[in-house]
file protein28.cif (mmCIF, C-alpha atoms and all ligand atoms)
data_my_file
loop_
_atom_site.label_atom_id
_atom_site.label_comp_id
_atom_site.auth_asym_id
_atom_site.auth_seq_id
_atom_site.Cartn_x
_atom_site.Cartn_y
_atom_site.Cartn_z
CA MET A 29 81.57 6.69 41.37
CA ALA A 30 84.07 6.24 38.57
CA ARG A 31 86.43 8.51 36.71
CA LEU A 32 85.91 8.28 32.95
CA VAL A 33 87.40 9.55 29.72
CA MET A 34 84.82 9.67 26.91
CA LYS A 35 86.24 10.24 23.42
CA PHE A 36 84.02 11.10 20.44
CA GLY A 37 85.31 10.90 16.86
CA GLY A 38 84.47 13.05 13.84
CA THR A 39 81.29 11.31 12.67
CA SER A 40 79.91 11.40 16.21
CA VAL A 41 80.24 15.22 16.33
CA ALA A 42 79.51 15.86 12.62
CA ASP A 43 76.90 18.59 13.28
CA VAL A 44 75.27 20.47 16.15
CA GLU A 45 72.49 17.89 16.45
CA ARG A 46 75.04 15.08 16.91
CA ILE A 47 76.98 17.20 19.40
CA ARG A 48 73.75 17.44 21.36
CA ASN A 49 73.52 13.65 21.27
CA VAL A 50 77.09 13.46 22.58
CA ALA A 51 76.17 15.88 25.38
CA ARG A 52 73.36 13.53 26.39
CA HIS A 53 75.85 10.66 26.67
CA VAL A 54 78.05 12.86 28.86
CA LYS A 55 75.12 14.03 30.99
CA ARG A 56 74.11 10.42 31.64
CA GLU A 57 77.51 9.66 33.19
CA TYR A 58 77.68 13.02 34.98
CA ASP A 59 74.21 12.59 36.52
CA ALA A 60 75.28 9.13 37.70
CA GLY A 61 77.98 10.86 39.78
CA HIS A 62 81.00 10.02 37.62
CA GLU A 63 83.93 12.38 37.05
CA VAL A 64 84.17 12.97 33.31
CA ALA A 65 86.83 14.22 30.91
CA VAL A 66 85.57 14.33 27.31
CA VAL A 67 87.94 14.33 24.33
CA VAL A 68 86.60 15.45 20.97
CA SER A 69 87.70 15.33 17.33
CA ALA A 70 87.00 17.87 14.63
CA MET A 71 83.58 17.63 12.97
CA ALA A 72 83.65 15.00 10.17
CA GLY A 73 85.46 16.21 7.05
CA LYS A 74 86.80 19.42 8.62
CA THR A 75 90.39 18.22 9.10
CA ASN A 76 90.52 17.02 5.48
CA GLU A 77 89.21 20.39 4.34
CA MET A 78 91.90 22.25 6.29
CA VAL A 79 94.65 19.94 5.03
CA GLY A 80 93.42 20.76 1.52
CA TRP A 81 93.64 24.49 2.21
CA CYS A 82 97.26 24.12 3.38
CA ARG A 83 98.20 22.29 0.18
CA GLU A 84 96.43 24.93 -1.88
CA ALA A 85 98.12 27.81 -0.06
CA ALA A 86 101.64 26.40 -0.34
CA PRO A 87 102.44 22.83 -1.47
CA LEU A 88 105.71 22.79 0.51
CA HIS A 89 104.31 24.52 3.60
CA ASP A 90 105.97 24.92 6.99
CA ALA A 91 104.82 22.04 9.23
CA ARG A 92 104.45 24.43 12.20
CA GLU A 93 101.89 26.51 10.32
CA TYR A 94 100.15 23.33 9.11
CA ASP A 95 99.63 22.44 12.79
CA THR A 96 98.30 25.91 13.55
CA VAL A 97 95.68 25.43 10.86
CA VAL A 98 94.59 21.83 11.39
CA ALA A 99 94.38 22.07 15.21
CA ALA A 100 91.50 24.52 14.71
CA GLY A 101 88.91 21.81 13.99
CA GLU A 102 89.06 20.35 17.50
CA GLN A 103 88.90 23.82 19.08
CA ILE A 104 85.51 24.43 17.49
CA THR A 105 84.05 21.10 18.63
CA SER A 106 85.27 21.49 22.21
CA GLY A 107 83.68 24.93 22.51
CA LEU A 108 80.40 23.77 20.97
CA LEU A 109 80.16 20.74 23.25
CA ALA A 110 81.02 22.74 26.39
CA MET A 111 78.28 25.30 25.64
CA THR A 112 75.76 22.54 24.83
CA LEU A 113 76.51 20.86 28.16
CA GLU A 114 76.15 24.14 30.03
CA ALA A 115 72.76 24.66 28.35
CA MET A 116 71.72 21.24 29.69
CA GLY A 117 72.69 22.21 33.23
CA VAL A 118 76.05 20.40 33.27
CA THR A 119 79.01 22.45 34.54
CA ALA A 120 81.66 22.24 31.82
CA ARG A 121 84.60 24.06 30.26
CA SER A 122 86.71 23.53 27.16
CA TRP A 123 90.48 23.00 27.17
CA GLN A 124 92.89 23.38 24.27
CA GLY A 125 96.12 21.39 24.24
CA TRP A 126 98.21 24.48 25.04
CA GLN A 127 96.01 25.45 27.97
CA LEU A 128 96.18 22.26 30.03
CA PRO A 129 98.97 21.82 28.79
CA ILE A 130 99.49 18.63 26.81
CA LEU A 131 103.24 18.73 26.14
CA THR A 132 104.56 17.05 23.02
CA SER A 133 107.73 16.60 20.99
CA ASN A 134 108.33 19.10 18.20
CA ALA A 135 107.72 16.60 15.37
CA HIS A 136 105.05 18.81 13.81
CA GLY A 137 102.31 16.85 12.06
CA SER A 138 103.06 13.66 14.04
CA ALA A 139 104.13 14.83 17.49
CA ARG A 140 104.41 12.47 20.45
CA ILE A 141 102.81 13.25 23.79
CA LEU A 142 105.47 13.72 26.48
CA ASN A 143 103.41 14.86 29.46
CA VAL A 144 99.82 15.73 30.38
CA ASN A 145 98.97 17.87 33.38
CA GLY A 146 96.02 15.99 34.87
CA GLY A 147 96.18 17.73 38.26
CA GLU A 148 94.03 20.71 37.32
CA LEU A 149 91.30 18.46 35.89
CA ILE A 150 91.14 16.34 39.05
CA LYS A 151 91.02 19.48 41.22
CA ARG A 152 88.07 20.78 39.23
CA PHE A 153 86.23 17.44 39.40
CA LYS A 154 86.45 17.67 43.18
CA GLU A 155 85.97 21.42 43.77
CA ARG A 156 83.51 22.39 41.04
CA ASN A 157 82.01 19.13 39.80
CA GLU A 158 83.10 20.34 36.37
CA VAL A 159 83.24 18.28 33.16
CA ALA A 160 86.44 18.87 31.18
CA VAL A 161 85.95 19.05 27.42
CA LEU A 162 89.34 18.64 25.76
CA SER A 163 90.38 19.14 22.18
CA GLY A 164 91.94 15.92 20.92
CA PHE A 165 94.73 15.75 18.33
CA GLN A 166 96.63 18.82 19.60
CA GLY A 167 99.34 19.77 22.06
CA ILE A 168 102.14 22.25 22.53
CA HIS A 169 105.92 22.04 22.24
CA LYS A 170 107.15 23.60 25.45
CA GLU A 171 110.48 25.05 24.30
CA THR A 172 109.11 26.82 21.22
CA GLY A 173 105.59 27.42 22.56
CA ARG A 174 104.12 26.28 19.28
CA ILE A 175 100.95 24.28 18.67
CA THR A 176 101.53 20.69 17.54
CA THR A 177 99.28 17.92 16.21
CA LEU A 178 99.57 14.18 16.75
CA GLY A 179 99.00 12.76 13.27
CA ARG A 180 95.75 11.70 11.65
CA GLY A 181 93.41 9.90 14.02
CA GLY A 182 95.37 11.39 16.93
CA SER A 183 92.41 12.15 19.18
CA ASP A 184 92.40 8.49 20.23
CA THR A 185 95.92 9.00 21.53
CA SER A 186 94.94 12.21 23.35
CA ALA A 187 92.14 10.29 25.06
CA VAL A 188 94.34 7.44 26.26
CA ALA A 189 97.09 9.84 27.41
CA ILE A 190 94.56 11.87 29.41
CA ALA A 191 93.08 8.68 30.88
CA ALA A 192 96.57 7.68 32.07
CA ALA A 193 97.26 11.18 33.45
CA ILE A 194 94.07 11.36 35.55
CA GLN A 195 94.15 7.63 36.47
CA ALA A 196 90.75 7.09 34.86
CA ASP A 197 88.93 3.86 35.55
CA ARG A 198 88.04 3.58 31.87
CA CYS A 199 88.71 5.20 28.52
CA ASP A 200 85.63 4.87 26.31
CA ILE A 201 86.23 5.45 22.60
CA TYR A 202 82.81 6.30 21.13
CA THR A 203 82.76 5.94 17.36
CA ASP A 204 80.50 5.10 14.41
CA VAL A 205 80.77 1.32 14.92
CA ASP A 206 79.85 -0.52 18.12
CA GLY A 207 83.24 -2.12 18.70
CA VAL A 208 86.30 -3.68 17.11
CA TYR A 209 85.35 -6.21 14.46
CA THR A 210 87.21 -9.17 12.93
CA THR A 211 87.76 -6.88 9.95
CA ASP A 212 86.34 -3.56 8.70
CA PRO A 213 82.56 -4.14 8.91
CA ARG A 214 82.02 -1.64 6.09
CA VAL A 215 83.92 -3.90 3.71
CA VAL A 216 82.88 -7.30 5.04
CA PRO A 217 79.28 -7.26 6.27
CA ARG A 218 79.82 -10.70 7.78
CA ALA A 219 82.52 -9.37 10.13
CA ARG A 220 81.88 -10.17 13.80
CA ARG A 221 82.23 -7.86 16.77
CA LEU A 222 84.90 -8.99 19.24
CA GLU A 223 84.04 -8.97 22.96
CA ARG A 224 87.74 -8.58 23.79
CA ILE A 225 90.99 -8.22 21.92
CA ALA A 226 94.52 -8.34 23.31
CA PHE A 227 96.62 -5.16 23.23
CA GLU A 228 99.22 -6.88 21.06
CA GLU A 229 96.64 -7.94 18.45
CA MET A 230 95.00 -4.51 18.45
CA LEU A 231 98.41 -2.95 17.92
CA GLU A 232 98.95 -5.12 14.83
CA LEU A 233 95.41 -4.52 13.50
CA ALA A 234 95.84 -0.76 13.89
CA SER A 235 99.32 -0.62 12.42
CA GLN A 236 98.27 -2.76 9.44
CA GLY A 237 95.45 -0.42 8.46
CA ALA A 238 92.37 -0.80 10.73
CA LYS A 239 91.81 2.85 11.51
CA VAL A 240 89.36 2.28 14.36
CA LEU A 241 92.17 3.23 16.81
CA GLN A 242 95.36 5.19 16.16
CA VAL A 243 98.41 2.96 16.68
CA ARG A 244 99.95 5.20 19.33
CA SER A 245 96.81 5.12 21.45
CA VAL A 246 97.16 1.34 21.68
CA GLU A 247 100.88 1.65 22.53
CA LEU A 248 100.08 4.10 25.32
CA GLY A 249 97.24 1.93 26.58
CA THR A 250 99.61 -1.02 26.80
CA VAL A 251 102.31 0.91 28.65
CA HIS A 252 99.96 2.56 31.15
CA ASN A 253 97.49 -0.32 31.34
CA VAL A 254 94.47 1.83 30.45
CA ARG A 255 91.14 0.00 30.14
CA ILE A 256 90.02 0.98 26.63
CA PHE A 257 86.49 0.22 25.42
CA VAL A 258 85.47 0.85 21.80
CA ARG A 259 81.71 1.50 21.60
CA SER A 260 79.03 3.24 19.56
CA SER A 261 77.97 6.86 19.98
CA PHE A 262 74.77 6.11 18.05
CA ASP A 263 73.09 4.06 20.78
CA ARG A 264 70.32 6.06 22.47
CA PRO A 265 72.17 7.75 25.36
CA GLU A 266 69.40 7.20 27.91
CA ASP A 267 69.14 3.45 27.16
CA ILE A 268 72.59 2.78 28.59
CA ASP A 269 73.17 1.85 32.24
CA PRO A 270 75.81 4.24 33.59
CA TYR A 271 76.59 1.89 36.49
CA ALA A 272 77.36 -1.21 34.37
CA SER A 273 80.98 -2.26 34.79
CA HIS A 274 81.15 -3.52 31.20
CA PRO A 275 79.78 -1.10 28.63
CA PRO A 276 78.56 -2.59 25.34
CA GLY A 277 81.51 -2.73 22.96
CA THR A 278 84.98 -4.20 22.74
CA LEU A 279 87.50 -4.23 25.59
CA ILE A 280 91.19 -3.96 24.69
CA CYS A 281 92.92 -5.98 27.39
CA ASP A 282 95.80 -8.24 28.42
CA GLU A 283 96.10 -11.59 26.69
CA GLU A 284 95.44 -13.38 30.00
CA GLU A 285 91.97 -11.85 30.23
CA ILE A 286 90.85 -13.60 27.03
CA VAL A 287 89.36 -17.00 27.75
CA GLU A 288 88.66 -18.40 24.30
CA GLN A 289 91.64 -17.59 22.14
CA GLN A 290 91.19 -18.11 18.39
CA VAL A 291 94.13 -18.84 16.09
CA VAL A 292 93.21 -15.85 13.92
CA THR A 293 91.57 -12.84 15.56
CA GLY A 294 91.31 -10.34 12.73
CA ILE A 295 92.26 -9.18 9.26
CA ALA A 296 93.47 -5.71 8.34
CA PHE A 297 94.21 -4.21 4.96
CA SER A 298 95.80 -1.11 3.55
CA LYS A 299 95.66 0.32 0.06
CA ASP A 300 98.12 3.02 1.00
CA GLU A 301 101.06 0.96 -0.29
CA ALA A 302 103.45 1.15 -3.22
CA GLN A 303 105.93 -1.46 -4.39
CA ILE A 304 109.44 -0.73 -5.61
CA SER A 305 111.68 -3.37 -7.22
CA ILE A 306 115.33 -2.66 -7.91
CA ARG A 307 116.55 -4.92 -10.70
CA ARG A 308 120.01 -6.48 -10.98
CA VAL A 309 121.46 -4.89 -7.89
CA ARG A 310 125.16 -5.69 -7.44
CA ASP A 311 125.31 -8.54 -4.91
CA LYS A 312 127.98 -7.31 -2.54
CA PRO A 313 128.22 -6.25 1.12
CA GLY A 314 126.88 -2.78 1.88
CA VAL A 315 124.25 -2.66 -0.87
CA ALA A 316 121.26 -2.88 1.46
CA ALA A 317 122.72 -0.01 3.47
CA ALA A 318 123.23 2.01 0.27
CA ILE A 319 119.54 1.56 -0.59
CA PHE A 320 117.81 1.90 2.77
CA GLY A 321 120.16 4.52 4.27
CA PRO A 322 119.15 7.31 1.87
CA LEU A 323 115.46 6.35 2.19
CA ALA A 324 115.69 6.59 5.98
CA ASP A 325 117.48 9.94 5.68
CA ALA A 326 114.52 11.15 3.60
CA SER A 327 112.13 9.94 6.38
CA ILE A 328 110.58 7.36 4.06
CA ASN A 329 109.20 4.41 5.98
CA VAL A 330 110.09 1.09 4.35
CA ASP A 331 107.84 -1.83 5.22
CA MET A 332 108.02 -5.26 3.49
CA ILE A 333 111.48 -6.16 2.16
CA VAL A 334 112.15 -9.16 -0.07
CA GLN A 335 115.57 -10.02 -1.48
CA ASN A 336 116.39 -13.01 -3.67
CA VAL A 337 119.52 -15.07 -3.23
CA SER A 338 121.61 -14.27 -6.27
CA ALA A 339 121.62 -16.98 -8.95
CA ASP A 340 124.80 -15.91 -10.70
CA GLY A 341 126.64 -14.55 -7.65
CA ALA A 342 126.84 -11.13 -9.26
CA THR A 343 123.40 -9.48 -9.15
CA THR A 344 120.04 -9.87 -7.44
CA ASP A 345 116.60 -8.16 -7.20
CA ILE A 346 115.35 -6.32 -4.11
CA THR A 347 111.64 -5.53 -3.63
CA PHE A 348 110.13 -3.46 -0.84
CA THR A 349 107.10 -1.31 -0.07
CA VAL A 350 106.73 2.35 0.96
CA PRO A 351 103.61 4.44 1.73
CA ALA A 352 101.87 5.36 -1.54
CA SER A 353 102.28 9.05 -0.71
CA ASP A 354 106.09 8.62 -0.69
CA TYR A 355 106.29 6.57 -3.91
CA ASP A 356 107.53 9.29 -6.26
CA ARG A 357 109.92 10.71 -3.69
CA ALA A 358 111.39 7.26 -2.97
CA ARG A 359 112.07 6.70 -6.67
CA GLU A 360 113.83 10.06 -6.88
CA VAL A 361 116.00 9.24 -3.84
CA LEU A 362 117.00 5.90 -5.39
CA LYS A 363 117.77 7.49 -8.75
CA ALA A 364 120.04 9.99 -7.02
CA ALA A 365 121.83 7.12 -5.24
CA HIS A 366 122.27 5.04 -8.43
CA ASP A 367 126.04 5.13 -8.49
CA GLN A 368 126.49 4.17 -4.84
CA ILE A 369 123.97 1.29 -5.11
CA GLY A 370 124.67 0.00 -8.63
CA TYR A 371 121.59 -1.43 -10.38
CA ASP A 372 120.06 -1.78 -13.85
CA ARG A 373 116.60 -0.30 -13.37
CA ILE A 374 113.76 0.45 -10.98
CA ASP A 375 110.29 -1.04 -11.47
CA GLY A 376 107.31 -0.20 -9.32
CA ALA A 377 103.57 -0.20 -8.81
CA SER A 378 101.35 2.03 -6.74
CA ASP A 379 98.12 0.04 -7.26
CA VAL A 380 98.97 -2.59 -4.65
CA ALA A 381 97.46 -3.46 -1.28
CA LYS A 382 98.67 -5.23 1.83
CA VAL A 383 96.38 -7.72 3.55
CA SER A 384 97.42 -8.84 7.05
CA VAL A 385 96.14 -11.74 9.12
CA ILE A 386 96.59 -11.36 12.88
CA GLY A 387 96.27 -13.69 15.85
CA ILE A 388 98.19 -14.54 18.99
CA GLY A 389 97.30 -18.19 18.33
CA MET A 390 99.79 -18.21 15.43
CA ARG A 391 102.57 -18.51 18.00
CA SER A 392 101.54 -22.07 18.69
CA HIS A 393 100.01 -23.16 15.37
CA VAL A 394 101.96 -24.03 12.23
CA GLY A 395 100.71 -23.82 8.66
CA VAL A 396 98.34 -20.91 9.22
CA ALA A 397 99.87 -18.82 6.42
CA ALA A 398 100.17 -21.80 4.04
CA GLU A 399 96.37 -22.22 4.12
CA ALA A 400 95.99 -18.62 3.03
CA PHE A 401 98.34 -19.00 0.09
CA SER A 402 96.29 -21.93 -1.29
CA ALA A 403 92.99 -20.12 -0.75
CA LEU A 404 94.23 -17.00 -2.55
CA ALA A 405 95.66 -19.08 -5.40
CA GLU A 406 92.29 -20.79 -5.88
CA ARG A 407 90.78 -17.36 -6.39
CA GLY A 408 93.46 -16.48 -8.93
CA ILE A 409 94.98 -13.81 -6.64
CA ASN A 410 98.70 -13.40 -7.25
CA ILE A 411 100.96 -12.71 -4.26
CA ARG A 412 103.73 -10.20 -4.94
CA ALA A 413 105.48 -10.36 -1.58
CA ILE A 414 105.02 -11.99 1.83
CA THR A 415 106.22 -11.08 5.31
CA THR A 416 105.64 -12.87 8.58
CA SER A 417 106.12 -12.14 12.26
CA GLU A 418 105.25 -13.99 15.44
CA ILE A 419 101.54 -13.16 15.46
CA LYS A 420 100.94 -11.89 11.92
CA PHE A 421 101.57 -12.46 8.24
CA SER A 422 101.01 -10.03 5.38
CA VAL A 423 100.67 -10.48 1.64
CA LEU A 424 101.07 -7.83 -1.00
CA ILE A 425 98.56 -8.15 -3.86
CA ASP A 426 97.03 -6.09 -6.68
CA ALA A 427 94.75 -3.47 -5.08
CA ALA A 428 91.82 -4.53 -7.29
CA TYR A 429 91.64 -7.86 -5.39
CA THR A 430 91.69 -6.40 -1.87
CA GLU A 431 88.04 -6.99 -0.96
CA LEU A 432 88.01 -10.46 -2.51
CA ALA A 433 91.18 -11.43 -0.63
CA VAL A 434 89.90 -10.11 2.71
CA ARG A 435 86.55 -11.89 2.31
CA THR A 436 88.25 -15.15 1.24
CA LEU A 437 90.58 -15.16 4.27
CA HIS A 438 87.79 -14.07 6.62
CA THR A 439 85.80 -17.16 5.63
CA LEU A 440 88.87 -19.43 5.58
CA TYR A 441 89.71 -18.70 9.23
CA GLY A 442 86.12 -19.13 10.44
CA LEU A 443 85.57 -15.47 11.26
CA ASP A 444 82.24 -15.04 9.41
CA LYS A 445 79.21 -14.56 11.63
P1 LIG A 501 86.31 8.22 14.52
O1 LIG A 501 85.97 9.36 13.61
O2 LIG A 501 85.26 7.94 15.54
O3 LIG A 501 87.68 8.33 15.10
P2 LIG A 501 87.30 6.39 12.50
O4 LIG A 501 86.67 6.60 11.16
O5 LIG A 501 88.64 6.93 12.73
O6 LIG A 501 86.27 6.91 13.61
O7 LIG A 501 87.32 4.83 12.85
C1 LIG A 501 86.13 4.06 12.78
C2 LIG A 501 86.08 3.29 11.47
O8 LIG A 501 87.11 2.30 11.46
C3 LIG A 501 84.83 2.49 11.25
O9 LIG A 501 83.82 3.28 10.67
C4 LIG A 501 85.28 1.33 10.36
O10 LIG A 501 84.93 1.54 9.00
C5 LIG A 501 86.79 1.38 10.45
N1 LIG A 501 87.38 0.07 10.79
C6 LIG A 501 88.43 -0.49 10.13
N2 LIG A 501 88.72 -1.68 10.63
C7 LIG A 501 87.86 -1.90 11.66
C8 LIG A 501 87.66 -2.98 12.57
N3 LIG A 501 88.43 -4.08 12.55
N4 LIG A 501 86.66 -2.86 13.49
C9 LIG A 501 85.89 -1.75 13.53
N5 LIG A 501 86.03 -0.71 12.69
C10 LIG A 501 87.00 -0.77 11.75
N1 LIG A 502 90.63 15.42 13.44
C1 LIG A 502 91.83 14.62 13.35
C2 LIG A 502 91.80 13.78 12.09
O1 LIG A 502 90.84 13.84 11.33
C3 LIG A 502 92.07 13.79 14.57
C4 LIG A 502 91.04 12.73 14.86
O2 LIG A 502 89.92 12.79 14.34
O3 LIG A 502 91.33 11.84 15.65
O4 LIG A 502 92.73 13.07 11.80
MG MG A 503 89.62 7.94 14.29
#
call {"tool": "encode", "arguments": {"input": "protein28.cif", "output": "structure tokens"}}
result
Amino acid sequence: MARLVMKFGGTSVADVERIRNVARHVKREYDAGHEVAVVVSAMAGKTNEMVGWCREAAPLHDAREYDTVVAAGEQITSGLLAMTLEAMGVTARSWQGWQLPILTSNAHGSARILNVNGGELIKRFKERNEVAVLSGFQGIHKETGRITTLGRGGSDTSAVAIAAAIQADRCDIYTDVDGVYTTDPRVVPRARRLERIAFEEMLELASQGAKVLQVRSVELGTVHNVRIFVRSSFDRPEDIDPYASHPPGTLICDEEEIVEQQVVTGIAFSKDEAQISIRRVRDKPGVAAAIFGPLADASINVDMIVQNVSADGATTDITFTVPASDYDRAREVLKAAHDQIGYDRIDGASDVAKVSVIGIGMRSHVGVAAEAFSALAERGINIRAITTSEIKFSVLIDAAYTELAVRTLHTLYGLDK
């Protein structure tokens, strides 16, 4: 007997027929004698629809009311799945974030989970043999009593937090692909499924744009050492052995558990980037603070930063990236701070993309990034900015070349199947 968390994303619960398919996956594990907590997302497209309604109702809406609206999608799925399970003879009940409760910070729209009460779920596994069907993505801020949400893709994080709270043996993330691939398999058909990937690499892949897992779910998994498997919900439920210790899919695990370590493990990309260049900035102490201070105050996340060494000792250029959705706001903030910073003009581009190459092997291999620069140059792809860290490097390029760049690097590092 094992204790499992089974999480199903939006495409896997897109309609009542698919919810029935999910219920069959749950029933398989339940009938095998496992204790099961299921975490569900909103049906595909529903969260986007609700976000659209909020914008339509009031462009500058109150984030607390936004959360009230968008948390509704998960509530519907959890109720539908619980009633489908009951109809199949499986004892089940739904739980909303506020009912368990799942306590979070009050950062509405991107709240952090602070505490999950797993005790009641465990009691019900034992006393009633009951499956818990939990709404992902949502929680409650204790002091104000208001509903919160965890940011887009947040059901992954709910699942891992619940797995940690009930000391689950495994957290299975069922999605519309059968594991974590070397890059997005929808963009590169030659991408390969990984048997295992280290937490640290998965964290980089997720934070650089691979949306298969929300970044915070990987952080939580690392801290609480949760065994996370990414697997497909589209396999026929009854064909799967509920007693197998390794389900088909990708295990996110410690580095030590990976026998054959490649230099490069995966490639991520993000088109949600915008570039800002501040021209002829006065080259004197305190200028970087004058630029990035006001941006931080406006909660604008700055990513890549490139600054030239001044040629004339008087002025220099500074280039950096921000999320595309913050591009206009960032330019406004910088215009307002013109006199404190001191610069000639601001240039920018919102049609840029960041491509990131990730691998723990980079720690011990030199020249990995240099190979990429030559390969991209051969394809006529211009690099606007570069950043590197211990196990990753990223290049900023014109968005139109994203797919070509990803495919070129995928082949270069021997990742093609
Ligand atoms: P869910 O609705 O189940 O949460 P998501 O759409 O959030 O699913 O995440 C799954 C998607 O992530 C896949 O359909 C795939 O296109 C995308 N993806 C991006 N990068 C990767 C990768 N490296 N491996 C697998 N899937 C990836
Ligand atoms: N429904 C939410 C979203 O679309 C949460 C999730 O699916 O994980 O972002
Ligand atoms: Mg997701």
call {"tool": "residues_around", "arguments": {"input": "protein28.cif", "residues": "Met34 in chain A", "least_positions_apart": "3", "cutoff": "8 Å", "atoms": "all atoms listed in the file", "output": "PyMOL selection string"}}
result
chain A and resi 54+64-67+187+199-202
call {"tool": "closest_residue", "arguments": {"input": "protein28.cif", "among": "A:Asp325, A:Asp184, A:Glu229, A:Asp356", "to": "ligand LIG 501 (chain A)", "atoms": "all atoms listed in the file"}}
result
A:Asp184
call {"tool": "residues_near_ligand", "arguments": {"input": "protein28.cif", "ligand": "ligand MG 503 (chain A)", "cutoff": "6 Å", "atoms": "all atoms listed in the file", "output": "PDB file with C-alpha atoms, in the coordinates of the input"}}
result
ATOM      1  CA  GLY A  37      85.310  10.900  16.860  1.00  0.00           C
ATOM      2  CA  GLY A 181      93.410   9.900  14.020  1.00  0.00           C
ATOM      3  CA  VAL A 240      89.360   2.280  14.360  1.00  0.00           C
ATOM      4  CA  LEU A 241      92.170   3.230  16.810  1.00  0.00           C
TER       5      LEU A 241
END
call {"tool": "residues_near_ligand", "arguments": {"input": "protein28.cif", "ligand": "ligand LIG 501 (chain A)", "cutoff": "8 Å", "atoms": "all atoms listed in the file", "output": "JSON, numbers by chain"}}
result
{"A": [36, 37, 38, 39, 40, 69, 72, 181, 183, 184, 201, 202, 203, 204, 205, 206, 207, 208, 209, 210, 211, 212, 213, 214, 215, 221, 233, 234, 237, 238, 239, 240, 241, 242, 294, 295, 296]}
call {"tool": "residues_near_point", "arguments": {"input": "protein28.cif", "point": "(86.5, -14.0, 10.2)", "cutoff": "12 Å", "atoms": "only C-alpha atoms", "output": "ChimeraX atom specification"}}
result
/A:209-213,216-222,290-296,385-387,434-445
call {"tool": "closest_residue", "arguments": {"input": "protein28.cif", "among": "A:Leu178, A:Ile419, A:Ala403, A:Val243", "to": "ligand LIG 502 (chain A)", "atoms": "all atoms listed in the file"}}
result
A:Leu178
call {"tool": "build_atoms", "arguments": {"input": "protein28.cif", "residues": "range 223-227 of chain A", "atoms": "all heavy atoms", "output": "mmCIF file, in the frame of the given file"}}
result
data_model
loop_
_atom_site.group_PDB
_atom_site.id
_atom_site.type_symbol
_atom_site.label_atom_id
_atom_site.label_comp_id
_atom_site.auth_asym_id
_atom_site.auth_seq_id
_atom_site.Cartn_x
_atom_site.Cartn_y
_atom_site.Cartn_z
ATOM 1 N N GLU A 223 84.299 -9.383 21.574
ATOM 2 C CA GLU A 223 84.040 -8.970 22.960
ATOM 3 C C GLU A 223 85.297 -8.352 23.552
ATOM 4 O O GLU A 223 85.256 -7.359 24.250
ATOM 5 C CB GLU A 223 83.633 -10.182 23.813
ATOM 6 C CG GLU A 223 82.173 -10.570 23.721
ATOM 7 C CD GLU A 223 81.237 -9.413 24.036
ATOM 8 O OE1 GLU A 223 81.420 -8.784 25.100
ATOM 9 O OE2 GLU A 223 80.352 -9.117 23.209
ATOM 10 N N ARG A 224 86.441 -9.011 23.280
ATOM 11 C CA ARG A 224 87.740 -8.580 23.790
ATOM 12 C C ARG A 224 88.794 -8.793 22.729
ATOM 13 O O ARG A 224 88.677 -9.706 21.918
ATOM 14 C CB ARG A 224 88.140 -9.440 25.001
ATOM 15 C CG ARG A 224 87.295 -9.186 26.198
ATOM 16 C CD ARG A 224 87.434 -10.290 27.220
ATOM 17 N NE ARG A 224 86.534 -9.961 28.313
ATOM 18 C CZ ARG A 224 86.907 -9.770 29.569
ATOM 19 N NH1 ARG A 224 88.162 -9.933 29.908
ATOM 20 N NH2 ARG A 224 86.032 -9.444 30.486
ATOM 21 N N ILE A 225 89.834 -7.988 22.788
ATOM 22 C CA ILE A 225 90.990 -8.220 21.920
ATOM 23 C C ILE A 225 92.236 -7.825 22.707
ATOM 24 O O ILE A 225 92.216 -6.844 23.464
ATOM 25 C CB ILE A 225 90.858 -7.444 20.575
ATOM 26 C CG1 ILE A 225 92.078 -7.703 19.678
ATOM 27 C CG2 ILE A 225 90.643 -5.950 20.788
ATOM 28 C CD1 ILE A 225 91.939 -7.199 18.254
ATOM 29 N N ALA A 226 93.297 -8.608 22.558
ATOM 30 C CA ALA A 226 94.520 -8.340 23.310
ATOM 31 C C ALA A 226 95.231 -7.099 22.754
ATOM 32 O O ALA A 226 95.178 -6.841 21.552
ATOM 33 C CB ALA A 226 95.452 -9.552 23.231
ATOM 34 N N PHE A 227 95.884 -6.361 23.639
ATOM 35 C CA PHE A 227 96.620 -5.160 23.230
ATOM 36 C C PHE A 227 97.518 -5.446 22.012
ATOM 37 O O PHE A 227 97.539 -4.678 21.051
ATOM 38 C CB PHE A 227 97.522 -4.677 24.378
ATOM 39 C CG PHE A 227 96.802 -3.838 25.395
ATOM 40 C CD1 PHE A 227 96.635 -4.280 26.703
ATOM 41 C CD2 PHE A 227 96.291 -2.593 25.051
ATOM 42 C CE1 PHE A 227 95.974 -3.500 27.653
ATOM 43 C CE2 PHE A 227 95.630 -1.803 25.995
ATOM 44 C CZ PHE A 227 95.476 -2.260 27.293
#
